[in-house]
>>> print(open('model.cif').read())   # mmCIF, C-alpha atoms
data_model
loop_
_atom_site.group_PDB
_atom_site.id
_atom_site.type_symbol
_atom_site.label_atom_id
_atom_site.label_comp_id
_atom_site.auth_asym_id
_atom_site.auth_seq_id
_atom_site.Cartn_x
_atom_site.Cartn_y
_atom_site.Cartn_z
ATOM 1 C CA MET A 179 194.303 28.719 35.715
ATOM 2 C CA LEU A 180 191.396 31.108 35.117
ATOM 3 C CA LYS A 181 190.428 33.071 38.230
ATOM 4 C CA ARG A 182 186.986 34.278 37.169
ATOM 5 C CA LEU A 183 184.800 35.020 34.185
ATOM 6 C CA ASP A 184 184.560 38.817 34.033
ATOM 7 C CA HIS A 185 182.169 39.451 31.153
ATOM 8 C CA VAL A 186 180.712 38.425 27.827
ATOM 9 C CA SER A 187 181.135 40.938 25.003
ATOM 10 C CA ILE A 188 178.795 41.588 22.082
ATOM 11 C CA GLY A 189 179.890 43.460 18.954
ATOM 12 C CA VAL A 190 177.320 45.939 17.621
ATOM 13 C CA LEU A 191 177.150 48.617 14.948
ATOM 14 C CA ASP A 192 174.642 50.896 16.690
ATOM 15 C CA MET A 193 175.446 51.372 20.379
ATOM 16 C CA ASP A 194 172.282 53.386 21.038
ATOM 17 C CA LYS A 195 169.978 50.693 19.644
ATOM 18 C CA ALA A 196 171.876 47.954 21.474
ATOM 19 C CA ARG A 197 171.725 49.911 24.727
ATOM 20 C CA GLU A 198 167.976 50.383 24.228
ATOM 21 C CA LEU A 199 167.517 46.619 23.951
ATOM 22 C CA PHE A 200 169.860 45.450 26.693
ATOM 23 C CA VAL A 201 169.252 48.252 29.215
ATOM 24 C CA ASP A 202 165.847 49.819 28.540
ATOM 25 C CA ILE A 203 163.952 46.719 27.381
ATOM 26 C CA LEU A 204 165.768 43.789 29.039
ATOM 27 C CA GLY A 205 166.522 45.691 32.256
ATOM 28 C CA GLY A 206 170.316 45.847 32.284
ATOM 29 C CA GLU A 207 171.914 48.092 34.913
ATOM 30 C CA VAL A 208 174.632 50.359 33.459
ATOM 31 C CA LEU A 209 178.079 50.103 35.068
ATOM 32 C CA PRO A 210 180.763 52.819 35.151
ATOM 33 C CA ASP A 211 183.184 50.733 33.049
ATOM 34 C CA ALA A 212 182.675 52.473 29.693
ATOM 35 C CA GLY A 213 184.752 54.519 27.308
ATOM 36 C CA GLN A 214 186.664 54.575 24.091
ATOM 37 C CA SER A 215 189.955 53.303 22.801
ATOM 38 C CA ASP A 216 191.042 55.595 20.010
ATOM 39 C CA ALA A 217 194.189 53.506 19.519
ATOM 40 C CA ALA A 218 192.110 50.367 18.854
ATOM 41 C CA GLY A 219 189.216 52.254 17.235
ATOM 42 C CA PHE A 220 186.285 51.165 19.381
ATOM 43 C CA ASP A 221 183.918 52.306 22.126
ATOM 44 C CA TRP A 222 182.449 50.173 24.899
ATOM 45 C CA MET A 223 179.932 50.153 27.698
ATOM 46 C CA THR A 224 179.184 47.580 30.375
ATOM 47 C CA PHE A 225 176.079 46.593 32.279
ATOM 48 C CA MET A 226 174.756 43.947 34.618
ATOM 49 C CA LEU A 227 172.109 41.672 33.131
ATOM 50 C CA GLY A 228 170.587 38.915 35.216
ATOM 51 C CA GLY A 229 173.412 39.246 37.732
ATOM 52 C CA LYS A 230 176.182 38.921 35.122
ATOM 53 C CA LYS A 231 178.440 41.570 33.594
ATOM 54 C CA MET A 232 178.004 42.155 29.865
ATOM 55 C CA GLU A 233 179.839 44.465 27.480
ATOM 56 C CA LEU A 234 178.844 46.116 24.215
ATOM 57 C CA VAL A 235 181.641 47.065 21.806
ATOM 58 C CA THR A 236 181.271 49.111 18.632
ATOM 59 C CA PRO A 237 183.765 50.306 16.040
ATOM 60 C CA GLN A 238 184.403 54.044 15.825
ATOM 61 C CA VAL A 239 184.579 53.629 12.043
ATOM 62 C CA VAL A 240 182.589 50.799 10.455
ATOM 63 C CA GLY A 241 184.909 48.116 9.081
ATOM 64 C CA GLU A 242 188.049 49.488 10.774
ATOM 65 C CA GLY A 243 189.988 48.345 13.835
ATOM 66 C CA GLY A 244 189.732 44.907 15.370
ATOM 67 C CA ILE A 245 186.060 45.231 16.322
ATOM 68 C CA GLY A 246 185.073 46.786 12.991
ATOM 69 C CA GLN A 247 186.888 44.109 11.006
ATOM 70 C CA TYR A 248 185.405 41.353 13.150
ATOM 71 C CA ILE A 249 181.850 42.626 12.626
ATOM 72 C CA ALA A 250 182.471 43.102 8.880
ATOM 73 C CA LYS A 251 183.561 39.465 8.642
ATOM 74 C CA ASN A 252 181.213 37.803 11.147
ATOM 75 C CA GLY A 253 178.314 40.194 11.655
ATOM 76 C CA GLU A 254 176.997 41.585 14.907
ATOM 77 C CA GLY A 255 176.758 39.325 17.918
ATOM 78 C CA PHE A 256 179.014 37.439 20.285
ATOM 79 C CA HIS A 257 182.547 38.858 20.254
ATOM 80 C CA HIS A 258 184.447 37.401 23.226
ATOM 81 C CA ILE A 259 184.433 36.160 26.781
ATOM 82 C CA SER A 260 186.857 37.813 29.177
ATOM 83 C CA CYS A 261 188.557 35.953 32.025
ATOM 84 C CA ALA A 262 190.918 37.091 34.772
ATOM 85 C CA VAL A 263 194.185 35.420 35.775
ATOM 86 C CA GLU A 264 196.649 36.153 38.573
ATOM 87 C CA ASN A 265 199.714 36.482 36.334
ATOM 88 C CA LEU A 266 199.556 37.193 32.589
ATOM 89 C CA ASP A 267 203.045 35.921 31.752
ATOM 90 C CA GLU A 268 202.428 32.628 33.564
ATOM 91 C CA ALA A 269 199.063 32.279 31.810
ATOM 92 C CA ARG A 270 200.689 32.886 28.425
ATOM 93 C CA GLU A 271 203.332 30.227 29.124
ATOM 94 C CA TYR A 272 200.676 27.792 30.332
ATOM 95 C CA PHE A 273 198.393 28.185 27.324
ATOM 96 C CA GLU A 274 201.295 28.023 24.864
ATOM 97 C CA SER A 275 202.515 24.816 26.593
ATOM 98 C CA LYS A 276 199.072 23.361 25.881
ATOM 99 C CA GLY A 277 199.384 24.232 22.183
ATOM 100 C CA LEU A 278 197.047 27.238 22.219
ATOM 101 C CA ARG A 279 197.962 30.225 20.076
ATOM 102 C CA ILE A 280 198.150 33.676 21.646
ATOM 103 C CA LEU A 281 196.874 36.776 19.825
ATOM 104 C CA GLY A 282 197.430 40.443 20.657
ATOM 105 C CA PHE A 283 199.608 40.081 23.754
ATOM 106 C CA ASP A 284 199.674 43.548 25.345
ATOM 107 C CA ASP A 285 201.336 44.268 28.674
ATOM 108 C CA ARG A 286 202.098 47.962 28.096
ATOM 109 C CA SER A 287 199.464 49.302 30.499
ATOM 110 C CA PRO A 288 199.790 48.258 34.146
ATOM 111 C CA ALA A 289 196.039 48.881 34.512
ATOM 112 C CA PHE A 290 195.045 46.375 31.812
ATOM 113 C CA LYS A 291 197.379 43.646 30.557
ATOM 114 C CA HIS A 292 195.758 41.110 28.251
ATOM 115 C CA PHE A 293 195.860 38.719 25.304
ATOM 116 C CA TYR A 294 193.428 36.527 23.394
ATOM 117 C CA LEU A 295 193.325 32.823 22.706
ATOM 118 C CA HIS A 296 192.978 32.123 18.996
ATOM 119 C CA PRO A 297 189.341 31.230 18.274
ATOM 120 C CA LYS A 298 190.406 28.306 16.078
ATOM 121 C CA ASP A 299 191.881 26.774 19.238
ATOM 122 C CA SER A 300 188.775 27.436 21.365
ATOM 123 C CA PHE A 301 185.853 26.150 19.298
ATOM 124 C CA GLY A 302 185.271 29.467 17.547
ATOM 125 C CA ALA A 303 185.092 31.521 20.756
ATOM 126 C CA LEU A 304 187.496 34.426 21.163
ATOM 127 C CA VAL A 305 188.727 34.263 24.762
ATOM 128 C CA GLN A 306 190.302 37.353 26.303
ATOM 129 C CA VAL A 307 192.666 36.689 29.201
ATOM 130 C CA PHE A 308 193.655 39.602 31.434
ATOM 131 C CA GLU A 309 195.732 40.051 34.557
ATOM 132 C CA GLU A 310 193.624 40.895 37.601
ATOM 133 C CA SER A 311 194.465 44.240 39.196
ATOM 134 C CA GLU A 312 192.874 46.675 41.618
ATOM 135 C CA SER A 313 191.539 48.530 38.577
ATOM 136 C CA THR A 314 189.897 45.476 37.003
ATOM 137 C CA LEU A 315 188.396 44.392 40.328
ATOM 138 C CA ARG A 316 186.943 47.857 40.874
ATOM 139 C CA LEU A 317 185.262 47.709 37.458
ATOM 140 C CA SER A 318 184.070 44.118 37.725
ATOM 141 C CA GLY A 319 180.573 45.030 38.847
ATOM 142 C CA PRO A 320 178.659 44.548 42.077
ATOM 143 C CA GLU A 321 179.561 41.550 44.206
#
>>> encode(input="model.cif", output="structure tokens")
Amino acid sequence: MLKRLDHVSIGVLDMDKARELFVDILGGEVLPDAGQSDAAGFDWMTFMLGGKKMELVTPQVVGEGGIGQYIAKNGEGFHHISCAVENLDEAREYFESKGLRILGFDDRSPAFKHFYLHPKDSFGALVQVFEESESTLRLSGPE
């Protein structure tokens, strides 16, 4: 069902300090997939570390938005893993047929359609599932 693991995401409060650790000290290579989502209230950046794509996410306002609320409740650290699928609707049907709960289904943007599997159904891990597209492949990092 899952096509590929795209990245692992870490929630942080101070993007500059996190970037210093993961890029300057640990040797991560910054990728162009970075930006902000004002609608969801967070900023992100991505980088390659040890041949794998990683993502840092930070709330625009501490304690607000999904990322801010998550960090307020759980602290900084692991936020989610992100996996690609061929067809988001088929993936949703498949996971629901297996008894997994879907959170935040969003297919409004053709460039990035996604949902999450409820962490209580996946051993505490938030799993993001997104539909592969030319855009997501272009931002997936070096081959």
>>> resolve_selection(input="model.cif", expression="the PyMOL selection byres ((chain A and resi 214) around 10)", output="number ranges by chain")
A: 212-213, 215-223, 235-238
>>> residues_around(input="model.cif", residues="Gly205 of chain A", least_positions_apart="3", cutoff="12 Å", atoms="only C-alpha atoms", output="list in words")
Arg197, Glu198, Leu199, Phe200, Val201, Asp202, Val208, Phe225, Met226, Leu227, Gly228 and Gly229 of chain A
>>> axis_aligned_box(input="model.cif", around="segment 203-222 of chain A", padding_each_side="5 Å", output="AutoDock Vina command-line options")
--center_x 179.1 --center_y 49.7 --center_z 26.2 --size_x 40.2 --size_y 21.8 --size_z 27.9
>>> residues_around(input="model.cif", residues="segment 293-295 of chain A", least_positions_apart="6", cutoff="8 Å", atoms="only C-alpha atoms", output="VMD selection string")
chain A and resid 278 to 284 304 to 308
>>> resolve_selection(input="model.cif", expression="the PyMOL selection byres ((chain A and resi 261-274) around 6)", output="PDB file with C-alpha atoms, keeping the file's coordinate frame")
ATOM      1  CA  LEU A 180     191.396  31.108  35.117  1.00  0.00           C
ATOM      2  CA  LYS A 181     190.428  33.071  38.230  1.00  0.00           C
ATOM      3  CA  ARG A 182     186.986  34.278  37.169  1.00  0.00           C
ATOM      4  CA  LEU A 183     184.800  35.020  34.185  1.00  0.00           C
ATOM      5  CA  ASP A 184     184.560  38.817  34.033  1.00  0.00           C
ATOM      6  CA  SER A 260     186.857  37.813  29.177  1.00  0.00           C
ATOM      7  CA  SER A 275     202.515  24.816  26.593  1.00  0.00           C
ATOM      8  CA  LYS A 276     199.072  23.361  25.881  1.00  0.00           C
ATOM      9  CA  GLY A 277     199.384  24.232  22.183  1.00  0.00           C
ATOM     10  CA  LEU A 278     197.047  27.238  22.219  1.00  0.00           C
ATOM     11  CA  VAL A 307     192.666  36.689  29.201  1.00  0.00           C
ATOM     12  CA  PHE A 308     193.655  39.602  31.434  1.00  0.00           C
ATOM     13  CA  GLU A 309     195.732  40.051  34.557  1.00  0.00           C
ATOM     14  CA  GLU A 310     193.624  40.895  37.601  1.00  0.00           C
TER      15      GLU A 310
END
>>> closest_residue(input="model.cif", among="A:Val186, A:Leu191, A:Leu317, A:Met232", to="Glu207 of chain A", atoms="only C-alpha atoms")
A:Met232
